[in-house]
Amino acid sequence: MSTNTQLPFAISLELDSSLANKTGSWRTKRPVYVDRIPPCNRACPAGENIQAWLYLAEEARYEEAWQALVEDNPFPAIHGRVCYHPCESGCNRTKLDEPVSIHAVERFLGDQAIKHGWLPKMKPATGKRVIVIGSGPTGLSCAYHCARLGHHVTIYDAGEKPGGMMRYGIPKYRLPREVLDAELDLLVRMGIRFVQSARIDDLAKLMETDRADAVFLACGAGLSKKIDIPNWHARHVIDAVKMLRDIESDSPPMLGRRVAVYGGGNTALDAARSALRLGAEEVVLVYRRDRKRMPAHSSEVIDAEEEGVKMKWLSTIADLQADPGRDTIRIEKMKLNAKGQPEPTGEYEELGADTVILAIGQEAETGFLRNMPGLQFDKDGSLLVDQQMMSGVAGVFAGGDMTPATRTVTNGVGNGKKAARCIDAFLAGGVYEKPYTLGSARGDDGVFDPKVKEIASFDRLNPWYYTDAPKHIQERLAGLRRLDGFAEIVSGLDETDAMHESRRCLSCGNCFECDNCYGVCPDNAVIKLGPGNRFEFNYEYCKGCGLCSVECPCGAIKMVEEKI
Amino acid sequence: MSTFMPGRKQVEGSHAVAEAIALSRPQVISCYPITPQTHIVEGLSAMVKSGALSPCEFMNVESEFAALSALIGASAAGARTYTATSSQGLLFMAEAVYNASGLGLPIVMTIGNRAIGAPINIWNDHSDSMALRDSGWIQLHAESNQEALDLHIQAFKLAEQLSCPVMVCMDGFILTHAYEEVDMPSQEQVDAFLPPFVPQQVLDPSDPITIGAMVGPDAYMEVRYLLHHKHLQAVEVIENLRKEFKRHFGRDSGGLVSSYRADDAETLVLAMGSINGTIREAVDEMRDEGHRIGSVKLCSYRPFPLEALREALKGAKRVIILEKNLATGLGGILASNTRMALRGLNTPVNTIIAGLGGRPIPKKSVVRAFRQIETGEVEEPHFLDMNWPAIHEAINNRGLVKRRESEAQRVLRSVSGVEVAKPVR
């Protein structure tokens, strides 16, 4: 007690501590810092930790952000342009204003890496040798991840240049080739060996001569499906895959004035939009179902319409010659049955067209593997693999479009990453296990297991703390101005806008050190560990009131039942 | 600080008080609005916003509990602090009210006196400040807007001299919302009377101490006694301030008690607050008729000036207490306290409970009650202008549980014949 007689008796006391009163013993629930899975990460087919690299980007730590990004995906400059960004469809920010423009920041980081020549971090060499067949997104991704893990990688590819469908399928206006080449160069700089124009006939022999410990097959689905239409020779008929490939060559395809494109997938849209750029005066897309049921991404359809592609829904090509005297094809009108499938109606009409581009789907070309005993194939020719992505032959893995898969660049990259991890585990004599499994997205069951992760759904956030911030828009070439050539349509964001977009991230489910928990804790039981190191709870004093959990903006604190 | 307008002027009671507070240079004001005190803090917030009152931090808070809690912190850090409240607002801050006095923090608070629910009622009586009469705060009651204004200036000085919080009680609406002529002092006058605040204890990060931590049975009783002792000292300080105030401002305001035509009175009426004006008119009327009656106004309810009050009342043959509260199960609180002041004198004390929930107290009713008491015709305590038929009906109906109607609704119906709020069927 104070000896100062000026101070009120027994009211003003000497400096003392209440630390002897360990209020933690009152607790029935304990707060735990968790890293929940943000919906963007969950939606990303490449398994990117988007929240993590946005967090670094918003602090202008661009190289670190890029390093975090390329842990999962070596091609941010490519993906920032061509990925249909399902991450943004999942983004919780949609419920506040608009999703974070994740792809624009990704593109910015990719372009920065190209500018500065950043290299990813690699593990020491293991001495193991891996062969990858196919240099499309899946093969390249697998090669990249195997190389990061320290394995020696050689890629064999039939094309003149590497890239697969990224080069020979996606038009330049979506993916400029200098960007593609720059990101492929990263793999060369990492020491991956590319063997181009190499068609493999005998895989077993190649593995032997190359002393390969494992092989990854990612030959894609470059074979167009066949179709029979009457009067086949009456019109100039082109296969969309070949057409897109030829645009890359010295001899671009010859088209007529009026072009009909048959199909409703992304390839059909690429072909139609490219046809306009090659000089066709009129391009009509003929598709059996309606707009809602098109497999193509809606943004592609909107872009195509802006550029002048006409759409003929609920239509099929019945005959390539409607009238021998004229350049017309016969269209049969279709209707949808109760299941949404197209059925013929018996109603016909003529459509003027001198050229017909077929884009009705692709399949895997797996004929060269038939001489290898132990491999199994699906009816459509795709190669069957197990959970570890391994075929019937030990050490022979396969992925991408040649196995049953969703055929986008990003799915391919994710598939290649998983393959690399399975191959790595195989080379070490084990099997690959995911570091965590997903738990229930709703309801606190009070159980805490760090290997079970929850989704950071919107209802886990406390959005009151976030300010409104509409997204910054990337500039786009106007529809008609795009047709002069294959110039890129969408511009990148500058640094200011990219940082603005990064800062719009809500950091769902992952602490971003806002200090709310530190500020609201009535027991001073939140210990600050310094910038970048987050916080920890002092359970000797935490009473388990749960304020921190409720006031955490991003849902990174879980209340867990104490065993009493 | 821009200057206020000194001199005589016609203003609302709340605004007169707000200006007097501002002249007292509070450094932190924290409040939560509640009728009928709201105009005071509205006025102050406008002055802070305009810069007329500066430097001053005006804190908007989410409740009365927060308002006073914030001031406890500000006062402990050495700031002159002020708030105002009424009715359930005061009840809601009750825990902090005790803390402020226990810690010896000289906070000044206006109580715009108002009844307490249920049933909810926004009008004047003294139930609210009476509920916290033993919280350790000094409680001063103002009779007029002029006295309310003056008491606030005195209150800061009183609080800071004793390191004890002070409530200045003024009747809700009757004073807070009444436009009266007041004499507003100048800033120079107030500054000359009220020196800057020098805290007895202060929180200072460079010389840390602990304030208000747990104290065990070994010291708690002494702490309570020391607060009681401050109140005993206050009895003297309040009278001194009355004199000092008169020297500075030329007016008699505050003090412990004030008598009116009491010298030869056989009957003395004691009351607090604005009703004293009506009582004095009743005294004049009855004096004209030959009654030897006078009145005594009690300004300081806490500390309760036992000696001064005994001195003021001891010559009377009977004492009448007119008060705006009811200690249920007992009677009048002020009457009860007054009997303690008169102990050993055998003076009969009659109680008039009047004006609860804002019921008007007309001079006619007051005079009638005084006459009845003089002739010994009334019950004790006497409830002024009570509607006894309604009471009797309500009491008779208590046994009839079939009716799902509250007593308040039943009384209301029998008084007005109108169903204001429909009972639940």
# chains A, B, ... in the order shown; residues from 1 in each chain; ligands from 1
$ interface_residues --of "chain A" --to "chain B" --cutoff "9 Å" --atoms "only C-alpha atoms" --output "count of residues only"
13
$ residues_around --residues "stretch 114-126 of chain A" --least-positions-apart "6" --cutoff "6 Å" --atoms "only C-alpha atoms" --output "JSON, numbers by chain"
{"A": [148, 149, 150, 151]}
$ write_last_selection --atoms "C-alpha atoms" --output "CSV table (one decimal), in the first residue's frame"
chain,number,residue,atom,x,y,z
A,148,ARG,CA,11.7,-27.6,-58.1
A,149,LEU,CA,11.7,-30.8,-56.1
A,150,GLY,CA,15.2,-31.5,-57.4
A,151,HIS,CA,14.6,-34.1,-60.1
$ atom_distance --atom1 "atom CA of A:Gly367" --atom2 "atom CA of A:Leu384"
13.9 Å
$ residues_around --residues "stretch 295-303 of chain A" --least-positions-apart "3" --cutoff "6 Å" --atoms "only C-alpha atoms" --output "MDAnalysis selection string"
chainID A and resid 265:266 306
$ atom_distance --atom1 "atom CA of A:Ile133" --atom2 "atom CA of A:Asp201"
11.4 Å
$ select_by_dssp --residues "stretch 216-356 of chain B" --states "strand (DSSP E or B)" --output "ChimeraX atom specification"
/B:257-260,267-271,293-298,300-302,318-323,327,331,349-353
$ residues_around --residues "stretch 30-40 of chain A" --least-positions-apart "2" --cutoff "6 Å" --atoms "only C-alpha atoms" --output "VMD selection string"
chain A and resid 42 to 43 87 90 to 91 453 to 456 508 to 510 544 556 to 560
$ residues_around --residues "A:Ser391" --least-positions-apart "3" --cutoff "12 Å" --atoms "only C-alpha atoms" --output "MDAnalysis selection string"
chainID A and resid 214:217 369 372:377 382:388 394:399 403 419 422:423
$ select_by_dssp --residues "stretch 175-253 of chain B" --states "helix (DSSP H, G or I)" --output "number ranges by chain"
B: 187-193, 220-249
$ write_last_selection --atoms "N, CA and C atoms" --output "compact mmCIF listing (two decimals), in the first residue's frame"
# COMPACT_ATOMS: atom_id res chain seq x y z
N GLN B 187 -17.29 35.27 -17.92
CA GLN B 187 -16.20 34.31 -17.82
C GLN B 187 -15.19 34.76 -16.76
N GLU B 188 -14.94 36.05 -16.71
CA GLU B 188 -13.96 36.56 -15.74
C GLU B 188 -14.44 36.30 -14.32
N GLN B 189 -15.75 36.53 -14.09
CA GLN B 189 -16.30 36.27 -12.75
C GLN B 189 -16.14 34.80 -12.37
N VAL B 190 -16.48 33.92 -13.30
CA VAL B 190 -16.40 32.49 -13.00
C VAL B 190 -14.94 32.07 -12.78
N ASP B 191 -14.06 32.57 -13.65
CA ASP B 191 -12.63 32.23 -13.50
C ASP B 191 -12.09 32.69 -12.16
N ALA B 192 -12.57 33.85 -11.71
CA ALA B 192 -12.09 34.38 -10.43
C ALA B 192 -12.58 33.51 -9.26
N PHE B 193 -13.75 32.92 -9.43
CA PHE B 193 -14.33 32.09 -8.36
C PHE B 193 -13.78 30.66 -8.39
N TYR B 220 -11.62 -1.80 3.84
CA TYR B 220 -12.81 -1.30 3.16
C TYR B 220 -13.64 -0.39 4.06
N MET B 221 -13.82 -0.80 5.28
CA MET B 221 -14.65 -0.02 6.20
C MET B 221 -14.09 1.37 6.43
N GLU B 222 -12.77 1.46 6.49
CA GLU B 222 -12.12 2.77 6.67
C GLU B 222 -12.35 3.66 5.45
N VAL B 223 -12.30 3.01 4.26
CA VAL B 223 -12.53 3.78 3.03
C VAL B 223 -13.94 4.37 3.04
N ARG B 224 -14.91 3.54 3.46
CA ARG B 224 -16.28 4.04 3.51
C ARG B 224 -16.40 5.17 4.53
N TYR B 225 -15.74 5.01 5.66
CA TYR B 225 -15.80 6.07 6.67
C TYR B 225 -15.20 7.36 6.13
N LEU B 226 -14.10 7.23 5.40
CA LEU B 226 -13.44 8.44 4.88
C LEU B 226 -14.35 9.18 3.89
N LEU B 227 -15.18 8.43 3.15
CA LEU B 227 -16.14 9.08 2.26
C LEU B 227 -17.22 9.78 3.10
N HIS B 228 -17.66 9.12 4.15
CA HIS B 228 -18.61 9.73 5.08
C HIS B 228 -18.01 11.01 5.67
N HIS B 229 -16.74 10.93 5.98
CA HIS B 229 -16.06 12.08 6.56
C HIS B 229 -16.04 13.27 5.60
N LYS B 230 -15.86 12.97 4.33
CA LYS B 230 -15.90 14.05 3.33
C LYS B 230 -17.25 14.77 3.38
N HIS B 231 -18.31 13.98 3.52
CA HIS B 231 -19.64 14.57 3.59
C HIS B 231 -19.80 15.42 4.85
N LEU B 232 -19.20 14.97 5.94
CA LEU B 232 -19.26 15.78 7.18
C LEU B 232 -18.52 17.09 6.98
N GLN B 233 -17.39 17.01 6.25
CA GLN B 233 -16.66 18.24 5.94
C GLN B 233 -17.47 19.12 5.00
N ALA B 234 -18.18 18.47 4.08
CA ALA B 234 -18.93 19.20 3.05
C ALA B 234 -19.95 20.14 3.68
N VAL B 235 -20.51 19.76 4.80
CA VAL B 235 -21.51 20.60 5.47
C VAL B 235 -20.94 22.02 5.68
N GLU B 236 -19.70 22.08 6.07
CA GLU B 236 -19.07 23.38 6.30
C GLU B 236 -18.69 24.05 4.98
N VAL B 237 -18.14 23.24 4.08
CA VAL B 237 -17.68 23.79 2.81
C VAL B 237 -18.85 24.39 2.02
N ILE B 238 -19.99 23.73 2.05
CA ILE B 238 -21.15 24.20 1.28
C ILE B 238 -21.59 25.58 1.78
N GLU B 239 -21.61 25.77 3.08
CA GLU B 239 -21.98 27.08 3.62
C GLU B 239 -20.93 28.13 3.29
N ASN B 240 -19.66 27.74 3.35
CA ASN B 240 -18.59 28.69 2.99
C ASN B 240 -18.69 29.11 1.53
N LEU B 241 -19.00 28.13 0.67
CA LEU B 241 -19.11 28.45 -0.76
C LEU B 241 -20.29 29.38 -1.02
N ARG B 242 -21.35 29.19 -0.24
CA ARG B 242 -22.51 30.08 -0.38
C ARG B 242 -22.08 31.53 -0.14
N LYS B 243 -21.29 31.70 0.92
CA LYS B 243 -20.84 33.06 1.25
C LYS B 243 -19.86 33.59 0.20
N GLU B 244 -18.94 32.72 -0.19
CA GLU B 244 -17.94 33.12 -1.18
C GLU B 244 -18.61 33.48 -2.51
N PHE B 245 -19.61 32.66 -2.85
CA PHE B 245 -20.33 32.90 -4.10
C PHE B 245 -21.02 34.25 -4.07
N LYS B 246 -21.61 34.54 -2.91
CA LYS B 246 -22.31 35.82 -2.77
C LYS B 246 -21.34 37.00 -2.93
N ARG B 247 -20.13 36.82 -2.37
CA ARG B 247 -19.13 37.88 -2.52
C ARG B 247 -18.78 38.10 -3.99
N HIS B 248 -18.62 37.02 -4.74
CA HIS B 248 -18.22 37.13 -6.14
C HIS B 248 -19.36 37.57 -7.05
N PHE B 249 -20.55 37.06 -6.79
CA PHE B 249 -21.62 37.23 -7.77
C PHE B 249 -22.78 38.08 -7.24
$ atom_distance --atom1 "atom CA of A:Ser315" --atom2 "atom CA of A:Pro171"
25.9 Å
$ residues_around --residues "stretch 129-141 of chain B" --least-positions-apart "2" --cutoff "9 Å" --atoms "only C-alpha atoms" --output "PyMOL selection string"
chain B and resi 86-87+90-91+94+97-102+111+113-114+126-127+143+147-148+151+155+159+164-171+224+227-228+231+234+254-256+272-274+298-303+325+333
$ residues_around --residues "B:Pro348" --least-positions-apart "3" --cutoff "10 Å" --atoms "only C-alpha atoms" --output "PyMOL selection string"
chain B and resi 316-320+339+342+345
$ write_last_selection --atoms "C-alpha atoms" --output "CSV table (one decimal), in the first residue's frame"
chain,number,residue,atom,x,y,z
B,316,ALA,CA,-41.9,25.1,15.3
B,317,LYS,CA,-44.7,23.3,16.9
B,318,ARG,CA,-45.1,21.1,13.9
B,319,VAL,CA,-43.2,20.4,10.8
B,320,ILE,CA,-44.7,19.4,7.5
B,339,ARG,CA,-37.2,13.0,12.0
B,342,LEU,CA,-35.4,16.5,15.2
B,345,LEU,CA,-37.6,17.4,20.3
$ closest_residue --among "A:Gln362, A:Asn371, A:Ser89, A:Thr138" --to "A:Ser101" --atoms "only C-alpha atoms"
A:Ser89
$ decode --residues "stretch 124-157 of chain B" --atoms "N, CA and C atoms" --output "PDB file, in the first residue's frame"
ATOM      1  N   ASN B 124     -41.660  14.843 -13.863  1.00  0.00           N
ATOM      2  CA  ASN B 124     -40.793  15.103 -12.716  1.00  0.00           C
ATOM      3  C   ASN B 124     -41.271  14.480 -11.409  1.00  0.00           C
ATOM      4  N   ASP B 125     -40.384  13.834 -10.713  1.00  0.00           N
ATOM      5  CA  ASP B 125     -40.405  13.708  -9.258  1.00  0.00           C
ATOM      6  C   ASP B 125     -38.967  13.403  -8.837  1.00  0.00           C
ATOM      7  N   HIS B 126     -38.755  13.025  -7.585  1.00  0.00           N
ATOM      8  CA  HIS B 126     -37.365  12.879  -7.131  1.00  0.00           C
ATOM      9  C   HIS B 126     -36.930  11.421  -6.966  1.00  0.00           C
ATOM     10  N   SER B 127     -37.702  10.493  -7.557  1.00  0.00           N
ATOM     11  CA  SER B 127     -37.392   9.079  -7.354  1.00  0.00           C
ATOM     12  C   SER B 127     -35.977   8.718  -7.796  1.00  0.00           C
ATOM     13  N   ASP B 128     -35.498   9.352  -8.903  1.00  0.00           N
ATOM     14  CA  ASP B 128     -34.217   8.914  -9.459  1.00  0.00           C
ATOM     15  C   ASP B 128     -33.035   9.266  -8.562  1.00  0.00           C
ATOM     16  N   SER B 129     -32.904  10.542  -8.200  1.00  0.00           N
ATOM     17  CA  SER B 129     -31.741  10.886  -7.373  1.00  0.00           C
ATOM     18  C   SER B 129     -31.875  10.268  -5.980  1.00  0.00           C
ATOM     19  N   MET B 130     -33.144  10.109  -5.526  1.00  0.00           N
ATOM     20  CA  MET B 130     -33.341   9.464  -4.217  1.00  0.00           C
ATOM     21  C   MET B 130     -32.838   8.013  -4.228  1.00  0.00           C
ATOM     22  N   ALA B 131     -32.984   7.367  -5.386  1.00  0.00           N
ATOM     23  CA  ALA B 131     -32.565   5.970  -5.472  1.00  0.00           C
ATOM     24  C   ALA B 131     -31.065   5.824  -5.227  1.00  0.00           C
ATOM     25  N   LEU B 132     -30.317   6.901  -5.535  1.00  0.00           N
ATOM     26  CA  LEU B 132     -28.868   6.827  -5.354  1.00  0.00           C
ATOM     27  C   LEU B 132     -28.397   7.787  -4.268  1.00  0.00           C
ATOM     28  N   ARG B 133     -29.298   8.036  -3.287  1.00  0.00           N
ATOM     29  CA  ARG B 133     -28.975   9.025  -2.247  1.00  0.00           C
ATOM     30  C   ARG B 133     -27.787   8.596  -1.400  1.00  0.00           C
ATOM     31  N   ASP B 134     -27.545   7.292  -1.299  1.00  0.00           N
ATOM     32  CA  ASP B 134     -26.458   6.823  -0.441  1.00  0.00           C
ATOM     33  C   ASP B 134     -25.246   6.331  -1.234  1.00  0.00           C
ATOM     34  N   SER B 135     -25.140   6.846  -2.474  1.00  0.00           N
ATOM     35  CA  SER B 135     -24.039   6.403  -3.330  1.00  0.00           C
ATOM     36  C   SER B 135     -22.731   7.102  -3.007  1.00  0.00           C
ATOM     37  N   GLY B 136     -22.780   8.081  -2.094  1.00  0.00           N
ATOM     38  CA  GLY B 136     -21.538   8.785  -1.756  1.00  0.00           C
ATOM     39  C   GLY B 136     -21.373  10.094  -2.502  1.00  0.00           C
ATOM     40  N   TRP B 137     -22.319  10.412  -3.400  1.00  0.00           N
ATOM     41  CA  TRP B 137     -22.258  11.692  -4.098  1.00  0.00           C
ATOM     42  C   TRP B 137     -22.926  12.765  -3.243  1.00  0.00           C
ATOM     43  N   ILE B 138     -22.400  13.959  -3.350  1.00  0.00           N
ATOM     44  CA  ILE B 138     -23.095  15.107  -2.784  1.00  0.00           C
ATOM     45  C   ILE B 138     -24.290  15.399  -3.682  1.00  0.00           C
ATOM     46  N   GLN B 139     -25.471  15.696  -3.064  1.00  0.00           N
ATOM     47  CA  GLN B 139     -26.661  15.991  -3.863  1.00  0.00           C
ATOM     48  C   GLN B 139     -27.208  17.350  -3.475  1.00  0.00           C
ATOM     49  N   LEU B 140     -27.194  18.265  -4.440  1.00  0.00           N
ATOM     50  CA  LEU B 140     -27.720  19.606  -4.212  1.00  0.00           C
ATOM     51  C   LEU B 140     -28.977  19.780  -5.050  1.00  0.00           C
ATOM     52  N   HIS B 141     -30.038  20.368  -4.468  1.00  0.00           N
ATOM     53  CA  HIS B 141     -31.289  20.584  -5.206  1.00  0.00           C
ATOM     54  C   HIS B 141     -31.489  22.061  -5.490  1.00  0.00           C
ATOM     55  N   ALA B 142     -31.766  22.364  -6.757  1.00  0.00           N
ATOM     56  CA  ALA B 142     -31.975  23.750  -7.175  1.00  0.00           C
ATOM     57  C   ALA B 142     -33.461  24.081  -7.133  1.00  0.00           C
ATOM     58  N   GLU B 143     -33.761  25.329  -6.704  1.00  0.00           N
ATOM     59  CA  GLU B 143     -35.159  25.742  -6.668  1.00  0.00           C
ATOM     60  C   GLU B 143     -35.589  26.383  -7.979  1.00  0.00           C
ATOM     61  N   SER B 144     -34.637  27.130  -8.592  1.00  0.00           N
ATOM     62  CA  SER B 144     -34.982  27.892  -9.792  1.00  0.00           C
ATOM     63  C   SER B 144     -33.871  27.689 -10.825  1.00  0.00           C
ATOM     64  N   ASN B 145     -34.126  28.208 -12.032  1.00  0.00           N
ATOM     65  CA  ASN B 145     -33.089  28.124 -13.050  1.00  0.00           C
ATOM     66  C   ASN B 145     -31.858  28.917 -12.640  1.00  0.00           C
ATOM     67  N   GLN B 146     -32.073  30.053 -11.994  1.00  0.00           N
ATOM     68  CA  GLN B 146     -30.930  30.842 -11.534  1.00  0.00           C
ATOM     69  C   GLN B 146     -30.101  30.036 -10.540  1.00  0.00           C
ATOM     70  N   GLU B 147     -30.814  29.366  -9.611  1.00  0.00           N
ATOM     71  CA  GLU B 147     -30.064  28.604  -8.619  1.00  0.00           C
ATOM     72  C   GLU B 147     -29.378  27.391  -9.264  1.00  0.00           C
ATOM     73  N   ALA B 148     -30.036  26.780 -10.251  1.00  0.00           N
ATOM     74  CA  ALA B 148     -29.422  25.644 -10.950  1.00  0.00           C
ATOM     75  C   ALA B 148     -28.117  26.075 -11.601  1.00  0.00           C
ATOM     76  N   LEU B 149     -28.190  27.216 -12.276  1.00  0.00           N
ATOM     77  CA  LEU B 149     -27.005  27.773 -12.932  1.00  0.00           C
ATOM     78  C   LEU B 149     -25.889  28.017 -11.908  1.00  0.00           C
ATOM     79  N   ASP B 150     -26.253  28.657 -10.813  1.00  0.00           N
ATOM     80  CA  ASP B 150     -25.262  29.004  -9.786  1.00  0.00           C
ATOM     81  C   ASP B 150     -24.688  27.760  -9.119  1.00  0.00           C
ATOM     82  N   LEU B 151     -25.557  26.780  -8.855  1.00  0.00           N
ATOM     83  CA  LEU B 151     -25.100  25.582  -8.145  1.00  0.00           C
ATOM     84  C   LEU B 151     -24.073  24.806  -8.961  1.00  0.00           C
ATOM     85  N   HIS B 152     -24.212  24.839 -10.282  1.00  0.00           N
ATOM     86  CA  HIS B 152     -23.233  24.112 -11.105  1.00  0.00           C
ATOM     87  C   HIS B 152     -21.842  24.720 -10.969  1.00  0.00           C
ATOM     88  N   ILE B 153     -21.787  26.045 -10.940  1.00  0.00           N
ATOM     89  CA  ILE B 153     -20.482  26.703 -10.782  1.00  0.00           C
ATOM     90  C   ILE B 153     -19.895  26.365  -9.411  1.00  0.00           C
ATOM     91  N   GLN B 154     -20.781  26.372  -8.398  1.00  0.00           N
ATOM     92  CA  GLN B 154     -20.327  25.989  -7.042  1.00  0.00           C
ATOM     93  C   GLN B 154     -19.919  24.517  -6.987  1.00  0.00           C
ATOM     94  N   ALA B 155     -20.636  23.683  -7.763  1.00  0.00           N
ATOM     95  CA  ALA B 155     -20.446  22.241  -7.656  1.00  0.00           C
ATOM     96  C   ALA B 155     -19.031  21.829  -8.036  1.00  0.00           C
ATOM     97  N   PHE B 156     -18.500  22.440  -9.097  1.00  0.00           N
ATOM     98  CA  PHE B 156     -17.133  22.071  -9.488  1.00  0.00           C
ATOM     99  C   PHE B 156     -16.153  22.396  -8.368  1.00  0.00           C
ATOM    100  N   LYS B 157     -16.339  23.564  -7.751  1.00  0.00           N
ATOM    101  CA  LYS B 157     -15.425  23.975  -6.693  1.00  0.00           C
ATOM    102  C   LYS B 157     -15.562  23.056  -5.486  1.00  0.00           C
TER     103      LYS B 157
END
